[in-house]
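Undergrad: Structure file target21.json (JSON, C-alpha atoms) is given on the next line.
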```
[["chain", "number", "residue", "atom", "x", "y", "z"],
["A", 1, "MET", "CA", 177.03, 134.95, 95.13],
["A", 2, "THR", "CA", 176.15, 131.32, 94.60],
["A", 3, "GLN", "CA", 172.89, 130.48, 92.94],
["A", 4, "THR", "CA", 172.05, 126.98, 94.07],
["A", 5, "THR", "CA", 169.08, 125.33, 92.49],
["A", 6, "PRO", "CA", 169.45, 121.59, 92.78],
["A", 7, "THR", "CA", 166.19, 119.92, 91.81],
["A", 8, "PRO", "CA", 164.78, 116.88, 93.62],
["A", 9, "ALA", "CA", 165.29, 114.92, 90.41],
["A", 10, "SER", "CA", 168.87, 115.97, 89.80],
["A", 11, "GLY", "CA", 170.16, 114.98, 93.21],
["A", 12, "VAL", "CA", 172.76, 117.76, 92.98],
["A", 13, "ALA", "CA", 173.87, 118.79, 96.45],
["A", 14, "ALA", "CA", 174.01, 122.45, 97.44],
["A", 15, "PRO", "CA", 177.46, 123.72, 98.48],
["A", 16, "ARG", "CA", 178.20, 122.95, 102.12],
["A", 17, "ASN", "CA", 178.98, 125.60, 104.72],
["A", 18, "LEU", "CA", 177.13, 128.56, 103.30],
["A", 19, "HIS", "CA", 178.19, 131.92, 104.70],
["A", 20, "LEU", "CA", 176.61, 135.31, 104.34],
["A", 21, "GLU", "CA", 178.66, 136.20, 101.27],
["A", 22, "ASP", "CA", 177.48, 133.04, 99.50],
["A", 23, "ILE", "CA", 173.83, 134.06, 99.30],
["A", 24, "ALA", "CA", 171.79, 136.81, 97.68],
["A", 25, "VAL", "CA", 168.14, 137.81, 97.62],
["A", 26, "GLY", "CA", 166.35, 135.60, 95.11],
["A", 27, "ASP", "CA", 168.55, 132.53, 95.62],
["A", 28, "ARG", "CA", 166.45, 129.38, 95.74],
["A", 29, "PHE", "CA", 167.20, 126.00, 97.28],
["A", 30, "VAL", "CA", 165.18, 122.94, 96.31],
["A", 31, "SER", "CA", 165.19, 119.93, 98.63],
["A", 32, "GLY", "CA", 164.92, 116.22, 98.08],
["A", 33, "GLU", "CA", 161.64, 114.44, 98.73],
["A", 34, "HIS", "CA", 159.86, 112.87, 101.68],
["A", 35, "ALA", "CA", 157.10, 110.35, 100.99],
["A", 36, "LEU", "CA", 154.43, 110.47, 103.65],
["A", 37, "ASP", "CA", 151.97, 107.70, 104.57],
["A", 38, "ALA", "CA", 149.10, 107.14, 107.01],
["A", 39, "GLU", "CA", 151.29, 105.38, 109.55],
["A", 40, "GLN", "CA", 153.68, 108.32, 109.86],
["A", 41, "ILE", "CA", 150.73, 110.73, 110.17],
["A", 42, "LYS", "CA", 149.17, 108.71, 112.98],
["A", 43, "ALA", "CA", 152.46, 108.11, 114.80],
["A", 44, "PHE", "CA", 153.30, 111.81, 114.92],
["A", 45, "ALA", "CA", 149.74, 112.71, 115.93],
["A", 46, "ALA", "CA", 149.65, 110.13, 118.72],
["A", 47, "GLN", "CA", 152.72, 111.73, 120.25],
["A", 48, "TYR", "CA", 152.13, 115.45, 119.64],
["A", 49, "ASP", "CA", 148.66, 116.24, 118.26],
["A", 50, "PRO", "CA", 146.21, 113.49, 119.24],
["A", 51, "GLN", "CA", 143.07, 114.79, 117.53],
["A", 52, "PRO", "CA", 140.70, 112.35, 115.76],
["A", 53, "PHE", "CA", 141.22, 113.78, 112.25],
["A", 54, "HIS", "CA", 144.98, 113.06, 112.54],
["A", 55, "LEU", "CA", 144.54, 109.58, 114.04],
["A", 56, "ASP", "CA", 141.69, 107.76, 112.38],
["A", 57, "GLU", "CA", 140.37, 107.70, 108.80],
["A", 58, "THR", "CA", 136.74, 107.15, 109.80],
["A", 59, "ALA", "CA", 136.67, 109.92, 112.40],
["A", 60, "ALA", "CA", 138.43, 112.20, 109.90],
["A", 61, "GLU", "CA", 135.67, 111.76, 107.28],
["A", 62, "SER", "CA", 133.17, 113.84, 109.25],
["A", 63, "SER", "CA", 135.74, 116.42, 110.39],
["A", 64, "LEU", "CA", 136.59, 119.79, 108.87],
["A", 65, "PHE", "CA", 139.29, 118.01, 106.86],
["A", 66, "GLY", "CA", 136.95, 115.48, 105.24],
["A", 67, "GLY", "CA", 139.59, 112.76, 105.53],
["A", 68, "LEU", "CA", 142.83, 111.87, 107.30],
["A", 69, "ALA", "CA", 145.14, 114.90, 107.46],
["A", 70, "ALA", "CA", 148.62, 115.34, 108.89],
["A", 71, "SER", "CA", 149.07, 117.64, 111.87],
["A", 72, "GLY", "CA", 150.33, 121.00, 110.67],
["A", 73, "TRP", "CA", 153.18, 120.52, 113.13],
["A", 74, "HIS", "CA", 154.09, 117.27, 111.40],
["A", 75, "THR", "CA", 154.26, 119.10, 108.08],
["A", 76, "ALA", "CA", 156.38, 121.74, 109.81],
["A", 77, "ALA", "CA", 158.77, 119.14, 111.27],
["A", 78, "LEU", "CA", 159.16, 117.40, 107.90],
["A", 79, "THR", "CA", 159.71, 120.79, 106.29],
["A", 80, "MET", "CA", 162.56, 121.45, 108.73],
["A", 81, "LYS", "CA", 164.13, 118.11, 107.81],
["A", 82, "LEU", "CA", 164.04, 119.02, 104.11],
["A", 83, "PHE", "CA", 165.09, 122.63, 104.74],
["A", 84, "VAL", "CA", 168.13, 121.65, 106.83],
["A", 85, "ALA", "CA", 169.28, 119.15, 104.20],
["A", 86, "SER", "CA", 168.94, 121.63, 101.33],
["A", 87, "VAL", "CA", 170.18, 124.90, 102.87],
["A", 88, "PRO", "CA", 173.53, 124.05, 104.50],
["A", 89, "VAL", "CA", 174.18, 127.22, 106.48],
["A", 90, "ALA", "CA", 177.68, 127.01, 108.01],
["A", 91, "ASP", "CA", 176.75, 127.59, 111.63],
["A", 92, "GLY", "CA", 173.39, 125.89, 111.36],
["A", 93, "LEU", "CA", 169.84, 127.06, 110.78],
["A", 94, "VAL", "CA", 168.86, 128.86, 113.94],
["A", 95, "GLY", "CA", 165.53, 130.62, 113.68],
["A", 96, "ALA", "CA", 164.56, 133.58, 115.81],
["A", 97, "GLY", "CA", 160.96, 133.59, 114.70],
["A", 98, "VAL", "CA", 158.70, 132.12, 112.05],
["A", 99, "GLU", "CA", 155.30, 132.47, 110.46],
["A", 100, "VAL", "CA", 153.57, 129.34, 109.22],
["A", 101, "SER", "CA", 150.36, 128.85, 107.29],
["A", 102, "TRP", "CA", 148.73, 125.72, 105.96],
["A", 103, "PRO", "CA", 146.59, 126.58, 102.93],
["A", 104, "LYS", "CA", 145.56, 122.91, 102.42],
["A", 105, "PRO", "CA", 145.98, 119.87, 104.66],
["A", 106, "THR", "CA", 148.84, 117.45, 104.04],
["A", 107, "ARG", "CA", 147.55, 114.01, 103.02],
["A", 108, "ALA", "CA", 148.84, 110.47, 103.45],
["A", 109, "ASP", "CA", 149.78, 110.06, 99.78],
["A", 110, "ASP", "CA", 151.74, 113.31, 99.57],
["A", 111, "ILE", "CA", 155.36, 113.26, 98.50],
["A", 112, "LEU", "CA", 156.76, 116.47, 99.90],
["A", 113, "HIS", "CA", 159.66, 118.69, 98.95],
["A", 114, "THR", "CA", 160.61, 122.24, 99.84],
["A", 115, "GLN", "CA", 161.60, 125.30, 97.85],
["A", 116, "SER", "CA", 163.38, 127.89, 100.00],
["A", 117, "THR", "CA", 163.97, 131.38, 98.63],
["A", 118, "VAL", "CA", 166.06, 134.14, 100.19],
["A", 119, "THR", "CA", 163.68, 137.12, 100.38],
["A", 120, "GLU", "CA", 165.62, 139.56, 102.57],
["A", 121, "ILE", "CA", 169.12, 140.05, 103.97],
["A", 122, "LYS", "CA", 169.26, 142.55, 106.80],
["A", 123, "PRO", "CA", 172.80, 143.27, 108.01],
["A", 124, "SER", "CA", 173.27, 143.84, 111.72],
["A", 125, "ARG", "CA", 174.04, 147.50, 112.49],
["A", 126, "SER", "CA", 175.94, 146.76, 115.65],
["A", 127, "ARG", "CA", 177.77, 143.60, 114.61],
["A", 128, "PRO", "CA", 179.55, 143.59, 111.23],
["A", 129, "GLY", "CA", 179.63, 140.28, 109.37],
["A", 130, "ARG", "CA", 176.29, 139.21, 110.76],
["A", 131, "ALA", "CA", 172.81, 139.45, 109.25],
["A", 132, "MET", "CA", 169.24, 138.27, 109.67],
["A", 133, "VAL", "CA", 168.31, 136.37, 106.54],
["A", 134, "THR", "CA", 164.67, 135.75, 105.70],
["A", 135, "PHE", "CA", 163.75, 132.58, 103.87],
["A", 136, "GLU", "CA", 160.37, 131.77, 102.40],
["A", 137, "THR", "CA", 160.02, 128.00, 102.36],
["A", 138, "LEU", "CA", 157.15, 126.43, 100.45],
["A", 139, "THR", "CA", 156.34, 122.79, 101.13],
["A", 140, "LEU", "CA", 154.85, 121.27, 97.98],
["A", 141, "ASN", "CA", 153.50, 117.88, 97.09],
["A", 142, "GLN", "CA", 154.13, 115.88, 93.92],
["A", 143, "ASP", "CA", 151.42, 117.85, 92.07],
["A", 144, "GLY", "CA", 152.95, 121.20, 92.98],
["A", 145, "GLU", "CA", 150.22, 121.97, 95.52],
["A", 146, "THR", "CA", 151.37, 124.09, 98.45],
["A", 147, "ARG", "CA", 150.85, 122.36, 101.81],
["A", 148, "GLN", "CA", 152.69, 124.88, 103.94],
["A", 149, "ARG", "CA", 154.22, 128.32, 103.66],
["A", 150, "LEU", "CA", 156.95, 129.12, 106.16],
["A", 151, "VAL", "CA", 158.72, 132.43, 106.59],
["A", 152, "SER", "CA", 161.74, 132.18, 108.86],
["A", 153, "ARG", "CA", 164.38, 134.60, 110.01],
["A", 154, "VAL", "CA", 167.77, 132.99, 110.41],
["A", 155, "VAL", "CA", 171.07, 134.38, 111.75],
["A", 156, "MET", "CA", 173.92, 134.10, 109.26],
["A", 157, "PHE", "CA", 177.60, 135.03, 109.53],
["A", 158, "ALA", "CA", 180.31, 136.04, 107.09],
["A", 159, "ARG", "CA", 183.38, 133.79, 106.91],
["A", 160, "GLY", "CA", 185.59, 134.15, 109.96],
["A", 161, "GLN", "CA", 183.00, 136.19, 111.86],
["A", 162, "ARG", "CA", 182.06, 133.46, 114.26],
["B", 1, "MET", "CA", 131.31, 132.67, 129.32],
["B", 2, "THR", "CA", 133.46, 130.10, 131.02],
["B", 3, "GLN", "CA", 136.68, 131.19, 132.65],
["B", 4, "THR", "CA", 138.80, 128.09, 132.82],
["B", 5, "THR", "CA", 142.04, 128.33, 134.70],
["B", 6, "PRO", "CA", 143.03, 124.86, 135.84],
["B", 7, "THR", "CA", 146.59, 124.97, 137.09],
["B", 8, "PRO", "CA", 149.12, 122.22, 136.43],
["B", 9, "ALA", "CA", 149.15, 121.52, 140.16],
["B", 10, "SER", "CA", 145.39, 121.34, 140.64],
["B", 11, "GLY", "CA", 144.78, 118.80, 137.90],
["B", 12, "VAL", "CA", 141.32, 120.32, 137.31],
["B", 13, "ALA", "CA", 140.18, 119.52, 133.79],
["B", 14, "ALA", "CA", 138.82, 122.22, 131.50],
["B", 15, "PRO", "CA", 135.21, 121.66, 130.34],
["B", 16, "ARG", "CA", 135.08, 119.38, 127.31],
["B", 17, "ASN", "CA", 133.58, 120.38, 123.98],
["B", 18, "LEU", "CA", 134.12, 124.11, 124.06],
["B", 19, "HIS", "CA", 131.99, 126.07, 121.60],
["B", 20, "LEU", "CA", 132.17, 129.70, 120.56],
["B", 21, "GLU", "CA", 129.71, 130.82, 123.24],
["B", 22, "ASP", "CA", 131.85, 129.21, 125.95],
["B", 23, "ILE", "CA", 134.84, 131.51, 125.49],
["B", 24, "ALA", "CA", 135.61, 135.20, 125.84],
["B", 25, "VAL", "CA", 138.62, 137.41, 125.25],
["B", 26, "GLY", "CA", 140.89, 137.12, 128.28],
["B", 27, "ASP", "CA", 140.03, 133.50, 129.10],
["B", 28, "ARG", "CA", 143.14, 131.56, 129.99],
["B", 29, "PHE", "CA", 143.81, 127.82, 129.85],
["B", 30, "VAL", "CA", 146.73, 126.31, 131.73],
["B", 31, "SER", "CA", 148.01, 122.89, 130.71],
["B", 32, "GLY", "CA", 149.59, 120.03, 132.56],
["B", 33, "GLU", "CA", 153.34, 119.48, 132.38],
["B", 34, "HIS", "CA", 155.79, 117.71, 130.11],
["B", 35, "ALA", "CA", 159.22, 116.84, 131.47],
["B", 36, "LEU", "CA", 161.86, 116.94, 128.76],
["B", 37, "ASP", "CA", 165.22, 115.16, 128.74],
["B", 38, "ALA", "CA", 168.26, 114.84, 126.50],
["B", 39, "GLU", "CA", 167.07, 111.58, 124.95],
["B", 40, "GLN", "CA", 163.80, 113.12, 123.74],
["B", 41, "ILE", "CA", 165.66, 116.14, 122.35],
["B", 42, "LYS", "CA", 168.07, 113.95, 120.39],
["B", 43, "ALA", "CA", 165.37, 111.54, 119.16],
["B", 44, "PHE", "CA", 163.22, 114.36, 117.74],
["B", 45, "ALA", "CA", 166.27, 116.06, 116.21],
["B", 46, "ALA", "CA", 167.51, 112.86, 114.57],
["B", 47, "GLN", "CA", 164.18, 112.53, 112.78],
["B", 48, "TYR", "CA", 163.33, 116.15, 111.94],
["B", 49, "ASP", "CA", 166.14, 118.60, 112.67],
["B", 50, "PRO", "CA", 169.50, 116.80, 112.59],
["B", 51, "GLN", "CA", 171.79, 119.69, 113.47],
["B", 52, "PRO", "CA", 174.77, 119.15, 115.82],
["B", 53, "PHE", "CA", 173.50, 121.48, 118.59],
["B", 54, "HIS", "CA", 170.31, 119.36, 118.87],
["B", 55, "LEU", "CA", 172.10, 116.01, 118.73],
["B", 56, "ASP", "CA", 175.29, 116.12, 120.73],
["B", 57, "GLU", "CA", 176.28, 117.87, 123.97],
["B", 58, "THR", "CA", 179.90, 118.37, 122.99],
["B", 59, "ALA", "CA", 179.14, 119.80, 119.56],
["B", 60, "ALA", "CA", 176.50, 122.02, 121.15],
["B", 61, "GLU", "CA", 179.01, 123.63, 123.53],
["B", 62, "SER", "CA", 180.71, 125.60, 120.75],
["B", 63, "SER", "CA", 177.46, 126.44, 118.94],
["B", 64, "LEU", "CA", 175.32, 129.57, 119.15],
["B", 65, "PHE", "CA", 173.32, 127.78, 121.87],
["B", 66, "GLY", "CA", 176.31, 127.08, 124.15],
["B", 67, "GLY", "CA", 174.89, 123.69, 125.07],
["B", 68, "LEU", "CA", 172.35, 121.09, 124.01],
["B", 69, "ALA", "CA", 169.11, 122.75, 122.92],
["B", 70, "ALA", "CA", 165.83, 121.31, 121.68],
["B", 71, "SER", "CA", 164.78, 122.01, 118.11],
["B", 72, "GLY", "CA", 162.28, 124.85, 118.07],
["B", 73, "TRP", "CA", 159.99, 122.48, 116.18],
["B", 74, "HIS", "CA", 160.24, 120.01, 119.05],
["B", 75, "THR", "CA", 159.17, 122.74, 121.46],
["B", 76, "ALA", "CA", 156.35, 123.57, 119.03],
["B", 77, "ALA", "CA", 155.20, 119.94, 118.82],
["B", 78, "LEU", "CA", 155.23, 119.54, 122.61],
["B", 79, "THR", "CA", 153.35, 122.83, 122.89],
["B", 80, "MET", "CA", 150.65, 121.44, 120.61],
["B", 81, "LYS", "CA", 150.35, 118.35, 122.80],
["B", 82, "LEU", "CA", 149.83, 120.52, 125.90],
["B", 83, "PHE", "CA", 147.56, 123.00, 124.04],
["B", 84, "VAL", "CA", 145.27, 120.26, 122.69],
["B", 85, "ALA", "CA", 144.94, 118.68, 126.14],
["B", 86, "SER", "CA", 144.13, 121.97, 127.86],
["B", 87, "VAL", "CA", 141.87, 123.73, 125.32],
["B", 88, "PRO", "CA", 139.21, 121.16, 124.36],
["B", 89, "VAL", "CA", 137.57, 122.90, 121.41],
["B", 90, "ALA", "CA", 134.53, 120.87, 120.31],
["B", 91, "ASP", "CA", 135.44, 120.37, 116.66],
["B", 92, "GLY", "CA", 139.15, 120.26, 117.31],
["B", 93, "LEU", "CA", 141.96, 122.77, 117.15],
["B", 94, "VAL", "CA", 142.43, 123.50, 113.47],
["B", 95, "GLY", "CA", 144.87, 126.33, 112.83],
["B", 96, "ALA", "CA", 144.84, 128.44, 109.70],
["B", 97, "GLY", "CA", 148.08, 130.19, 110.48],
["B", 98, "VAL", "CA", 150.53, 130.74, 113.30],
["B", 99, "GLU", "CA", 153.43, 132.89, 114.40],
["B", 100, "VAL", "CA", 156.10, 131.31, 116.57],
["B", 101, "SER", "CA", 159.11, 132.79, 118.31],
["B", 102, "TRP", "CA", 161.67, 131.21, 120.57],
["B", 103, "PRO", "CA", 163.13, 133.84, 122.91],
["B", 104, "LYS", "CA", 165.39, 131.28, 124.64],
["B", 105, "PRO", "CA", 166.30, 127.71, 123.74],
["B", 106, "THR", "CA", 164.49, 124.82, 125.42],
["B", 107, "ARG", "CA", 166.89, 122.73, 127.53],
["B", 108, "ALA", "CA", 167.02, 119.09, 128.53],
["B", 109, "ASP", "CA", 166.03, 119.73, 132.16],
["B", 110, "ASP", "CA", 163.00, 121.86, 131.30],
["B", 111, "ILE", "CA", 159.58, 120.87, 132.58],
["B", 112, "LEU", "CA", 157.20, 122.59, 130.19],
["B", 113, "HIS", "CA", 153.61, 123.76, 130.47],
["B", 114, "THR", "CA", 151.51, 126.12, 128.41],
["B", 115, "GLN", "CA", 149.30, 129.09, 129.19],
["B", 116, "SER", "CA", 146.85, 129.86, 126.38],
["B", 117, "THR", "CA", 144.93, 133.12, 126.40],
["B", 118, "VAL", "CA", 142.08, 134.11, 124.08],
["B", 119, "THR", "CA", 143.21, 137.45, 122.62],
["B", 120, "GLU", "CA", 140.66, 138.03, 119.82],
["B", 121, "ILE", "CA", 137.34, 136.62, 118.61],
["B", 122, "LYS", "CA", 136.50, 137.65, 115.06],
["B", 123, "PRO", "CA", 133.02, 136.52, 113.94],
["B", 124, "SER", "CA", 132.65, 135.46, 110.32],
["B", 125, "ARG", "CA", 130.65, 138.00, 108.32],
["B", 126, "SER", "CA", 129.38, 135.51, 105.80],
["B", 127, "ARG", "CA", 128.79, 132.51, 108.08],
["B", 128, "PRO", "CA", 126.91, 133.10, 111.34],
["B", 129, "GLY", "CA", 127.93, 130.95, 114.27],
["B", 130, "ARG", "CA", 131.53, 130.75, 113.15],
["B", 131, "ALA", "CA", 134.53, 132.80, 114.20],
["B", 132, "MET", "CA", 138.31, 132.97, 113.98],
["B", 133, "VAL", "CA", 139.65, 132.85, 117.53],
["B", 134, "THR", "CA", 143.18, 133.98, 118.28],
["B", 135, "PHE", "CA", 145.07, 132.28, 121.09],
["B", 136, "GLU", "CA", 148.39, 133.38, 122.50],
["B", 137, "THR", "CA", 150.12, 130.31, 123.90],
["B", 138, "LEU", "CA", 153.20, 130.74, 126.04],
["B", 139, "THR", "CA", 155.36, 127.69, 126.69],
["B", 140, "LEU", "CA", 157.06, 128.09, 130.05],
["B", 141, "ASN", "CA", 159.51, 126.04, 132.04],
["B", 142, "GLN", "CA", 159.42, 125.25, 135.76],
["B", 143, "ASP", "CA", 161.06, 128.61, 136.56],
["B", 144, "GLY", "CA", 158.48, 130.57, 134.59],
["B", 145, "GLU", "CA", 160.91, 131.30, 131.75],
["B", 146, "THR", "CA", 159.28, 131.61, 128.33],
["B", 147, "ARG", "CA", 160.65, 129.10, 125.82],
["B", 148, "GLN", "CA", 158.15, 129.78, 123.05],
["B", 149, "ARG", "CA", 155.46, 132.26, 122.15],
["B", 150, "LEU", "CA", 152.82, 130.99, 119.73],
["B", 151, "VAL", "CA", 149.99, 133.01, 118.25],
["B", 152, "SER", "CA", 147.46, 130.84, 116.45],
["B", 153, "ARG", "CA", 144.19, 131.51, 114.69],
["B", 154, "VAL", "CA", 141.67, 128.73, 115.14],
["B", 155, "VAL", "CA", 138.20, 128.22, 113.62],
["B", 156, "MET", "CA", 135.46, 127.84, 116.26],
["B", 157, "PHE", "CA", 131.73, 127.15, 115.93],
["B", 158, "ALA", "CA", 128.68, 127.93, 118.01],
["B", 159, "ARG", "CA", 126.65, 124.93, 119.24],
["B", 160, "GLY", "CA", 124.70, 123.31, 116.42],
["B", 161, "GLN", "CA", 126.50, 125.32, 113.73],
["B", 162, "ARG", "CA", 128.55, 122.45, 112.44]]
```
Write out the structure in this file as structure tokens.
TA:
Amino acid sequence: MTQTTPTPASGVAAPRNLHLEDIAVGDRFVSGEHALDAEQIKAFAAQYDPQPFHLDETAAESSLFGGLAASGWHTAALTMKLFVASVPVADGLVGAGVEVSWPKPTRADDILHTQSTVTEIKPSRSRPGRAMVTFETLTLNQDGETRQRLVSRVVMFARGQR
Amino acid sequence: MTQTTPTPASGVAAPRNLHLEDIAVGDRFVSGEHALDAEQIKAFAAQYDPQPFHLDETAAESSLFGGLAASGWHTAALTMKLFVASVPVADGLVGAGVEVSWPKPTRADDILHTQSTVTEIKPSRSRPGRAMVTFETLTLNQDGETRQRLVSRVVMFARGQR
């Protein structure tokens, strides 16, 4: 069991090539940081979620968000970037299904990082050396405010099983 | 109640500015199409999900996917683009939470469209004229194969309630 808790400040890398036997419920992986800005928010929105409150500060003022907000899918994509870099699963992070919620909108001045915790390891009954591993990944800003909560189920293998 | 079922082929636009009273459980909205290719898959992956099976055909061959596959988050972002264009909710599509699953990987030659069905309308008890509306959005390719299933809960308002 390897407990890997590099902090964004420490810059310590997690061990590469994590296999099933390297993780345990409760293990936590902390990513580096991504600094957002209004340009990134608008560029993503223009391509994938062209709604006024993601594209224009003035239009956003009178919206539900009360100001420019990142698309939830932008927050999700940035979360994946941070998740992949901080949880180096040997055969890659391949998700079967996820749940995502956005308790508060992501803002242009947010500096994001992720904290991913192993919450369940469910061994395959039919295939030894394989398990579905559940991660809870919180995306937090520089003030520790949660911008996204992601629960993902990922296939992991023991060494030599794939 | 407005039943809006424009097909990708017909090019009929859904009514703009949908309010709560314009929709009913069972209503279905069909989007236009998005043609994917390997360059788009790699460009998204390089920015948000830089894993070998999303970046390189050769590396992808020996992966779980058995060939180049789009990031699930890329499929999700493209789904949002098609969803937003086909379900013109008056105050915008603002999701509180979603569930996403990817039964099969999205491939470079996929031409995607979405079919979004209203599955539940839950009126707010405390605030009249407001409801949480659940959409099930299937992302399908040109052969009718499901690449993603998205369930999202969206806030909607009656006319004049916002």
Undergrad: Under the rule of at most 12 Å, produce a per-residue listing of segment 12-116 of chain A near segment 79-100 of chain B: chain, number, name, the closest pair of atoms, and the distance in Å, as a tab-separated table, using only C-alpha atoms.
TA:
```
residue	atom	partner	partner_atom	distance
A:Phe44	CA	B:Lys81	CA	10.7
A:Ala45	CA	B:Lys81	CA	8.9
A:Ala46	CA	B:Lys81	CA	9.2
A:Gln47	CA	B:Lys81	CA	7.5
A:Tyr48	CA	B:Lys81	CA	4.6
A:Asp49	CA	B:Lys81	CA	5.3
A:Pro50	CA	B:Lys81	CA	7.3
A:Gln51	CA	B:Gly92	CA	6.7
A:Pro52	CA	B:Gly92	CA	8.2
A:Phe53	CA	B:Gly92	CA	8.5
A:His54	CA	B:Gly92	CA	10.4
A:Ala59	CA	B:Asp91	CA	11.4
A:Ala60	CA	B:Gly92	CA	11.0
A:Ser62	CA	B:Asp91	CA	10.1
A:Ser63	CA	B:Asp91	CA	7.4
A:Leu64	CA	B:Asp91	CA	7.9
A:Phe65	CA	B:Val94	CA	9.1
A:Ala69	CA	B:Val94	CA	10.8
A:Ala70	CA	B:Val94	CA	11.2
A:Ser71	CA	B:Val94	CA	9.0
A:Gly72	CA	B:Gly95	CA	7.9
A:Trp73	CA	B:Met80	CA	7.9
A:His74	CA	B:Met80	CA	10.7
A:Ala76	CA	B:Val98	CA	11.3
A:Gly95	CA	B:Val100	CA	9.9
A:Ala96	CA	B:Val100	CA	8.8
A:Gly97	CA	B:Val100	CA	5.7
A:Val98	CA	B:Val100	CA	5.3
A:Glu99	CA	B:Glu99	CA	4.4
A:Val100	CA	B:Val98	CA	5.3
A:Ser101	CA	B:Gly97	CA	4.1
A:Trp102	CA	B:Ala96	CA	6.0
A:Pro103	CA	B:Ala96	CA	7.2
A:Lys104	CA	B:Ala96	CA	9.2
A:Pro105	CA	B:Ala96	CA	10.0
```
Undergrad: My list of candidates is B:Glu145, B:Asp27, B:Glu33, B:Asp22. Which is closest to Arg107 of chain B when distances are computed with only C-alpha atoms?
TA: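 The shortest atom-to-atom distance to Arg107 of chain B comes from B:Glu145.
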Undergrad: Between atom CA of Asp109 of chain B and atom CA of Ala38 of chain B, what is the spacing in Å?
TA: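 Here the two named atoms are 7.8 Å from each other.
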Undergrad: Quote the spacing between atom CA of Gly67 of chain A and atom CA of Lys42 of chain A in Å to one decimal place.
TA: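 Computing the Euclidean distance for atom CA of Gly67 of chain A and atom CA of Lys42 of chain A yields 12.8 Å.
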Undergrad: When you draw a straight line from atom CA of Arg153 of chain B to atom CA of Gly66 of chain A, how long is it in Å?
TA: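 Those two atoms sit 20.0 Å apart.
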Undergrad: Choose the residue, out of A:Leu78, A:Pro123, A:Val155, A:Thr146, that has the smallest atom-to-atom separation from chain B; count all atoms listed in the file.
TA: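 Nearest to chain B: A:Leu78.
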Undergrad: Point out the residue among B:Thr119, B:Thr114, B:Ser124, B:Gln148 with the least atom-to-atom distance to chain A, counting all atoms listed in the file.
TA: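 That would be B:Gln148, the residue with the smallest distance to chain A.
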Undergrad: Need the shell around Val118 of chain B: protein/DNA/RNA residues with any atom at most 7 Å away, counting all atoms listed in the file. Skip same-chain ones fewer than 3 positions apart. Format as a count of residues only?
TA: 8
Undergrad: Which of these, A:Gly32, A:Thr75, A:Gly144, A:Arg127, has the shortest distance to chain B once you count only C-alpha atoms?
TA: A:Thr75
Undergrad: Put segment 65-99 of chain B into a file with C-alpha atoms, as a PDB file, in the first residue's frame.
TA:
```pdb
ATOM      1  CA  PHE B  65      -9.585   0.668 -26.229  1.00  0.00           C
ATOM      2  CA  GLY B  66      -7.843  -1.287 -29.004  1.00  0.00           C
ATOM      3  CA  GLY B  67      -7.528   1.849 -31.108  1.00  0.00           C
ATOM      4  CA  LEU B  68      -7.703   5.633 -30.939  1.00  0.00           C
ATOM      5  CA  ALA B  69     -10.603   6.741 -28.745  1.00  0.00           C
ATOM      6  CA  ALA B  70     -11.867  10.180 -27.787  1.00  0.00           C
ATOM      7  CA  SER B  71     -11.630  11.253 -24.159  1.00  0.00           C
ATOM      8  CA  GLY B  72     -14.989  10.759 -22.479  1.00  0.00           C
ATOM      9  CA  TRP B  73     -14.763  14.424 -21.514  1.00  0.00           C
ATOM     10  CA  HIS B  74     -14.424  15.329 -25.178  1.00  0.00           C
ATOM     11  CA  THR B  75     -17.597  13.385 -25.931  1.00  0.00           C
ATOM     12  CA  ALA B  76     -19.218  15.182 -22.996  1.00  0.00           C
ATOM     13  CA  ALA B  77     -18.138  18.624 -24.241  1.00  0.00           C
ATOM     14  CA  LEU B  78     -19.393  17.910 -27.773  1.00  0.00           C
ATOM     15  CA  THR B  79     -22.630  16.616 -26.271  1.00  0.00           C
ATOM     16  CA  MET B  80     -23.071  19.921 -24.456  1.00  0.00           C
ATOM     17  CA  LYS B  81     -22.561  21.807 -27.720  1.00  0.00           C
ATOM     18  CA  LEU B  82     -25.295  19.743 -29.412  1.00  0.00           C
ATOM     19  CA  PHE B  83     -27.570  19.842 -26.325  1.00  0.00           C
ATOM     20  CA  VAL B  84     -27.374  23.637 -26.000  1.00  0.00           C
ATOM     21  CA  ALA B  85     -28.166  24.112 -29.695  1.00  0.00           C
ATOM     22  CA  SER B  86     -31.149  21.767 -29.632  1.00  0.00           C
ATOM     23  CA  VAL B  87     -32.785  22.560 -26.264  1.00  0.00           C
ATOM     24  CA  PRO B  88     -33.105  26.369 -26.150  1.00  0.00           C
ATOM     25  CA  VAL B  89     -34.101  26.887 -22.518  1.00  0.00           C
ATOM     26  CA  ALA B  90     -34.942  30.576 -21.986  1.00  0.00           C
ATOM     27  CA  ASP B  91     -32.557  31.314 -19.123  1.00  0.00           C
ATOM     28  CA  GLY B  92     -29.927  28.886 -20.307  1.00  0.00           C
ATOM     29  CA  LEU B  93     -29.026  25.323 -19.491  1.00  0.00           C
ATOM     30  CA  VAL B  94     -27.598  25.440 -15.981  1.00  0.00           C
ATOM     31  CA  GLY B  95     -26.964  21.999 -14.540  1.00  0.00           C
ATOM     32  CA  ALA B  96     -26.848  21.277 -10.832  1.00  0.00           C
ATOM     33  CA  GLY B  97     -25.589  17.753 -11.236  1.00  0.00           C
ATOM     34  CA  VAL B  98     -25.112  15.078 -13.861  1.00  0.00           C
ATOM     35  CA  GLU B  99     -24.442  11.395 -14.326  1.00  0.00           C
TER      36      GLU B  99
END
```
